Amino acid sequence: KDKIYSRELLGKTVVSKSGKKFGEVGDMIFEVGSGELIHIVLRNPTTYTERMELERTKEGQVLIPFSAVIATGDFLVVAEEDII
């Protein structure tokens with residue numbers, strides 16, 4: 001698997017497989033020990049995302065588990081069934 005650099009993901013639009021827009025990658029949360037990417041912090045979440053019962057930071061920012069990401073390219077594609 002190719003390495004992905006977090007700076008390449010920042011600002012990308014996050015979409016579901018069906019093309020629903022979630023928002024953009026605003027930040028990322030890593031596991032300090034392993035360096036494993038745990039969550040993507042959304043910026044500019046869409047109304048669609050706001051309605052979902054997603055995990056949030058203390059500040060109320062929407063989190064998407066990185067394990068739900070199925071593809072990275074021009075967009076970050078997530079499997080919706082893996083984030084709820």
# chains A, B, ... in the order shown; residues from 1 in each chain; ligands from 1
$ residues_around --residues "Thr46 (chain A)" --least-positions-apart "2" --cutoff "8 Å" --atoms "only C-alpha atoms" --output "list in words"
Lys21, Phe22, Gly23, Asn44, Tyr48, Thr49 and Glu50 of chain A
$ select_by_dssp --residues "chain A" --states "strand (DSSP E)" --output "PyMOL selection string"
chain A and resi 13-16+21-30+37-43+63-65+69-72+75-78
$ residues_around --residues "Ile83 (chain A)" --least-positions-apart "2" --cutoff "7 Å" --atoms "only C-alpha atoms" --output "PyMOL selection string"
chain A and resi 64-65+68+80-81
$ select_by_dssp --residues "chain A" --states "helix (DSSP H, G or I)" --output "PDB file with N, CA, C and O atoms, in the first residue's frame"
ATOM      1  N   SER A   6      -0.291  13.141   5.027  1.00  0.00           N
ATOM      2  CA  SER A   6      -1.478  13.850   5.488  1.00  0.00           C
ATOM      3  C   SER A   6      -1.662  15.188   4.789  1.00  0.00           C
ATOM      4  O   SER A   6      -2.773  15.584   4.504  1.00  0.00           O
ATOM      5  N   ARG A   7      -0.553  15.876   4.469  1.00  0.00           N
ATOM      6  CA  ARG A   7      -0.711  17.193   3.828  1.00  0.00           C
ATOM      7  C   ARG A   7      -1.362  17.061   2.456  1.00  0.00           C
ATOM      8  O   ARG A   7      -1.943  18.004   1.953  1.00  0.00           O
ATOM      9  N   GLU A   8      -1.272  15.868   1.855  1.00  0.00           N
ATOM     10  CA  GLU A   8      -1.916  15.673   0.551  1.00  0.00           C
ATOM     11  C   GLU A   8      -3.433  15.556   0.703  1.00  0.00           C
ATOM     12  O   GLU A   8      -4.173  15.719  -0.252  1.00  0.00           O
ATOM     13  N   LEU A   9      -3.867  15.208   1.912  1.00  0.00           N
ATOM     14  CA  LEU A   9      -5.301  15.008   2.131  1.00  0.00           C
ATOM     15  C   LEU A   9      -6.001  16.280   2.593  1.00  0.00           C
ATOM     16  O   LEU A   9      -7.199  16.437   2.392  1.00  0.00           O
ATOM     17  N   THR A  47     -24.950  20.059   5.439  1.00  0.00           N
ATOM     18  CA  THR A  47     -26.174  19.846   6.231  1.00  0.00           C
ATOM     19  C   THR A  47     -26.419  18.356   6.385  1.00  0.00           C
ATOM     20  O   THR A  47     -26.854  17.879   7.428  1.00  0.00           O
ATOM     21  N   TYR A  48     -26.121  17.614   5.326  1.00  0.00           N
ATOM     22  CA  TYR A  48     -26.276  16.162   5.361  1.00  0.00           C
ATOM     23  C   TYR A  48     -25.458  15.568   6.513  1.00  0.00           C
ATOM     24  O   TYR A  48     -25.947  14.760   7.293  1.00  0.00           O
ATOM     25  N   THR A  49     -24.217  16.000   6.636  1.00  0.00           N
ATOM     26  CA  THR A  49     -23.335  15.499   7.684  1.00  0.00           C
ATOM     27  C   THR A  49     -23.825  15.919   9.059  1.00  0.00           C
ATOM     28  O   THR A  49     -23.784  15.146  10.009  1.00  0.00           O
ATOM     29  N   GLU A  50     -24.296  17.152   9.160  1.00  0.00           N
ATOM     30  CA  GLU A  50     -24.766  17.671  10.443  1.00  0.00           C
ATOM     31  C   GLU A  50     -25.925  16.841  10.987  1.00  0.00           C
ATOM     32  O   GLU A  50     -26.105  16.723  12.190  1.00  0.00           O
ATOM     33  N   ARG A  51     -26.716  16.268  10.090  1.00  0.00           N
ATOM     34  CA  ARG A  51     -27.875  15.465  10.512  1.00  0.00           C
ATOM     35  C   ARG A  51     -27.478  14.079  10.993  1.00  0.00           C
ATOM     36  O   ARG A  51     -28.251  13.406  11.663  1.00  0.00           O
ATOM     37  N   PHE A  66     -10.947   7.076  10.112  1.00  0.00           N
ATOM     38  CA  PHE A  66     -10.133   6.875   8.923  1.00  0.00           C
ATOM     39  C   PHE A  66     -10.344   5.482   8.342  1.00  0.00           C
ATOM     40  O   PHE A  66     -10.159   5.261   7.155  1.00  0.00           O
ATOM     41  N   SER A  67     -10.776   4.542   9.190  1.00  0.00           N
ATOM     42  CA  SER A  67     -11.016   3.169   8.713  1.00  0.00           C
ATOM     43  C   SER A  67     -12.126   3.111   7.670  1.00  0.00           C
ATOM     44  O   SER A  67     -12.244   2.147   6.920  1.00  0.00           O
ATOM     45  N   ALA A  68     -12.954   4.170   7.607  1.00  0.00           N
ATOM     46  CA  ALA A  68     -14.059   4.199   6.644  1.00  0.00           C
ATOM     47  C   ALA A  68     -13.614   4.680   5.263  1.00  0.00           C
ATOM     48  O   ALA A  68     -14.351   4.574   4.296  1.00  0.00           O
ATOM     49  N   GLU A  80     -20.073   4.898   3.688  1.00  0.00           N
ATOM     50  CA  GLU A  80     -21.022   5.464   4.656  1.00  0.00           C
ATOM     51  C   GLU A  80     -21.419   4.475   5.723  1.00  0.00           C
ATOM     52  O   GLU A  80     -21.563   4.828   6.888  1.00  0.00           O
ATOM     53  N   GLU A  81     -21.547   3.212   5.349  1.00  0.00           N
ATOM     54  CA  GLU A  81     -21.957   2.199   6.323  1.00  0.00           C
ATOM     55  C   GLU A  81     -20.910   1.973   7.404  1.00  0.00           C
ATOM     56  O   GLU A  81     -21.197   1.441   8.455  1.00  0.00           O
ATOM     57  N   ASP A  82     -19.689   2.408   7.159  1.00  0.00           N
ATOM     58  CA  ASP A  82     -18.620   2.215   8.148  1.00  0.00           C
ATOM     59  C   ASP A  82     -18.456   3.380   9.111  1.00  0.00           C
ATOM     60  O   ASP A  82     -17.603   3.329   9.989  1.00  0.00           O
TER      61      ASP A  82
END
$ residues_around --residues "Ile40 (chain A)" --least-positions-apart "4" --cutoff "9 Å" --atoms "only C-alpha atoms" --output "list in words"
Val25, Gly26, Asp27, Met28, Ile29, Val62, Leu63, Ile64, Pro65 and Phe66 of chain A
$ residues_around --residues "Phe30 (chain A)" --least-positions-apart "5" --cutoff "10 Å" --atoms "only C-alpha atoms" --output "PyMOL selection string"
chain A and resi 35-40+66
$ write_last_selection --atoms "all heavy atoms" --output "compact mmCIF listing (two decimals), in the first residue's frame"
# COMPACT_ATOMS: atom_id res chain seq x y z
N GLY A 35 1.54 6.24 15.05
CA GLY A 35 1.44 7.15 13.91
C GLY A 35 0.26 6.82 13.02
O GLY A 35 0.07 7.39 11.96
N GLU A 36 -0.57 5.89 13.47
CA GLU A 36 -1.73 5.48 12.69
C GLU A 36 -2.78 6.58 12.68
O GLU A 36 -3.04 7.23 13.69
CB GLU A 36 -2.33 4.21 13.31
CG GLU A 36 -3.40 3.59 12.47
CD GLU A 36 -4.11 2.45 13.22
OE1 GLU A 36 -3.65 2.05 14.30
OE2 GLU A 36 -5.12 1.97 12.69
N LEU A 37 -3.37 6.79 11.52
CA LEU A 37 -4.40 7.81 11.35
C LEU A 37 -5.71 7.27 11.90
O LEU A 37 -6.16 6.20 11.48
CB LEU A 37 -4.52 8.09 9.86
CG LEU A 37 -5.12 9.37 9.37
CD1 LEU A 37 -4.70 10.55 10.20
CD2 LEU A 37 -4.72 9.59 7.93
N ILE A 38 -6.30 7.97 12.85
CA ILE A 38 -7.54 7.47 13.46
C ILE A 38 -8.79 8.17 12.94
O ILE A 38 -9.76 7.54 12.58
CB ILE A 38 -7.51 7.65 14.99
CG1 ILE A 38 -6.23 7.05 15.56
CG2 ILE A 38 -8.71 6.97 15.62
CD1 ILE A 38 -6.07 7.33 17.01
N HIS A 39 -8.74 9.50 12.94
CA HIS A 39 -9.92 10.26 12.53
C HIS A 39 -9.55 11.37 11.57
O HIS A 39 -8.46 11.91 11.62
CB HIS A 39 -10.61 10.92 13.73
CG HIS A 39 -11.44 9.99 14.53
ND1 HIS A 39 -11.06 9.55 15.77
CD2 HIS A 39 -12.64 9.41 14.29
CE1 HIS A 39 -11.98 8.73 16.24
NE2 HIS A 39 -12.96 8.63 15.36
N ILE A 40 -10.53 11.71 10.75
CA ILE A 40 -10.44 12.90 9.92
C ILE A 40 -11.38 13.91 10.56
O ILE A 40 -12.52 13.57 10.91
CB ILE A 40 -10.91 12.57 8.49
CG1 ILE A 40 -9.83 11.74 7.82
CG2 ILE A 40 -11.18 13.84 7.70
CD1 ILE A 40 -10.28 11.11 6.56
N PHE A 66 -10.95 7.08 10.11
CA PHE A 66 -10.13 6.88 8.92
C PHE A 66 -10.34 5.48 8.34
O PHE A 66 -10.16 5.26 7.16
CB PHE A 66 -8.65 7.12 9.22
CG PHE A 66 -7.84 7.23 7.96
CD1 PHE A 66 -7.95 8.34 7.15
CD2 PHE A 66 -7.00 6.20 7.56
CE1 PHE A 66 -7.23 8.45 5.97
CE2 PHE A 66 -6.27 6.29 6.37
CZ PHE A 66 -6.39 7.42 5.58
$ residues_around --residues "Phe75 (chain A)" --least-positions-apart "6" --cutoff "10 Å" --atoms "only C-alpha atoms" --output "MDAnalysis selection string"
chainID A and resid 9 11:16 21 24:25
$ decode --residues "region 34-55 of chain A" --atoms "N, CA and C atoms" --output "compact mmCIF listing (two decimals), in the first residue's frame"
# COMPACT_ATOMS: atom_id res chain seq x y z
N SER A 34 1.82 4.79 17.34
CA SER A 34 2.00 4.08 16.07
C SER A 34 2.02 5.01 14.87
N GLY A 35 1.54 6.24 15.05
CA GLY A 35 1.44 7.15 13.91
C GLY A 35 0.26 6.82 13.02
N GLU A 36 -0.57 5.89 13.47
CA GLU A 36 -1.73 5.48 12.69
C GLU A 36 -2.78 6.58 12.68
N LEU A 37 -3.37 6.79 11.52
CA LEU A 37 -4.40 7.81 11.35
C LEU A 37 -5.71 7.27 11.90
N ILE A 38 -6.30 7.97 12.85
CA ILE A 38 -7.54 7.47 13.46
C ILE A 38 -8.79 8.17 12.94
N HIS A 39 -8.74 9.50 12.94
CA HIS A 39 -9.92 10.26 12.53
C HIS A 39 -9.55 11.37 11.57
N ILE A 40 -10.53 11.71 10.75
CA ILE A 40 -10.44 12.90 9.92
C ILE A 40 -11.38 13.91 10.56
N VAL A 41 -10.89 15.12 10.73
CA VAL A 41 -11.72 16.19 11.28
C VAL A 41 -12.26 16.98 10.09
N LEU A 42 -13.59 17.05 10.00
CA LEU A 42 -14.20 17.74 8.86
C LEU A 42 -14.25 19.24 9.07
N ARG A 43 -14.03 19.97 7.98
CA ARG A 43 -14.30 21.40 8.05
C ARG A 43 -15.39 21.67 7.01
N ASN A 44 -16.16 22.71 7.25
CA ASN A 44 -17.32 23.02 6.39
C ASN A 44 -18.23 21.81 6.20
N PRO A 45 -18.64 21.15 7.30
CA PRO A 45 -19.53 19.98 7.13
C PRO A 45 -20.83 20.39 6.45
N THR A 46 -21.35 19.53 5.60
CA THR A 46 -22.60 19.82 4.90
C THR A 46 -23.79 19.58 5.83
N THR A 47 -24.95 20.06 5.44
CA THR A 47 -26.17 19.85 6.23
C THR A 47 -26.42 18.36 6.39
N TYR A 48 -26.12 17.61 5.33
CA TYR A 48 -26.28 16.16 5.36
C TYR A 48 -25.46 15.57 6.51
N THR A 49 -24.22 16.00 6.64
CA THR A 49 -23.34 15.50 7.68
C THR A 49 -23.82 15.92 9.06
N GLU A 50 -24.30 17.15 9.16
CA GLU A 50 -24.77 17.67 10.44
C GLU A 50 -25.92 16.84 10.99
N ARG A 51 -26.72 16.27 10.09
CA ARG A 51 -27.88 15.47 10.51
C ARG A 51 -27.48 14.08 10.99
N MET A 52 -26.28 13.64 10.62
CA MET A 52 -25.84 12.30 11.01
C MET A 52 -25.33 12.32 12.44
N GLU A 53 -25.48 11.20 13.12
CA GLU A 53 -25.03 11.12 14.50
C GLU A 53 -23.56 10.72 14.53
N LEU A 54 -22.69 11.62 14.10
CA LEU A 54 -21.27 11.28 14.04
C LEU A 54 -20.56 11.72 15.31
N GLU A 55 -19.43 11.07 15.55
CA GLU A 55 -18.61 11.44 16.69
C GLU A 55 -18.10 12.86 16.48
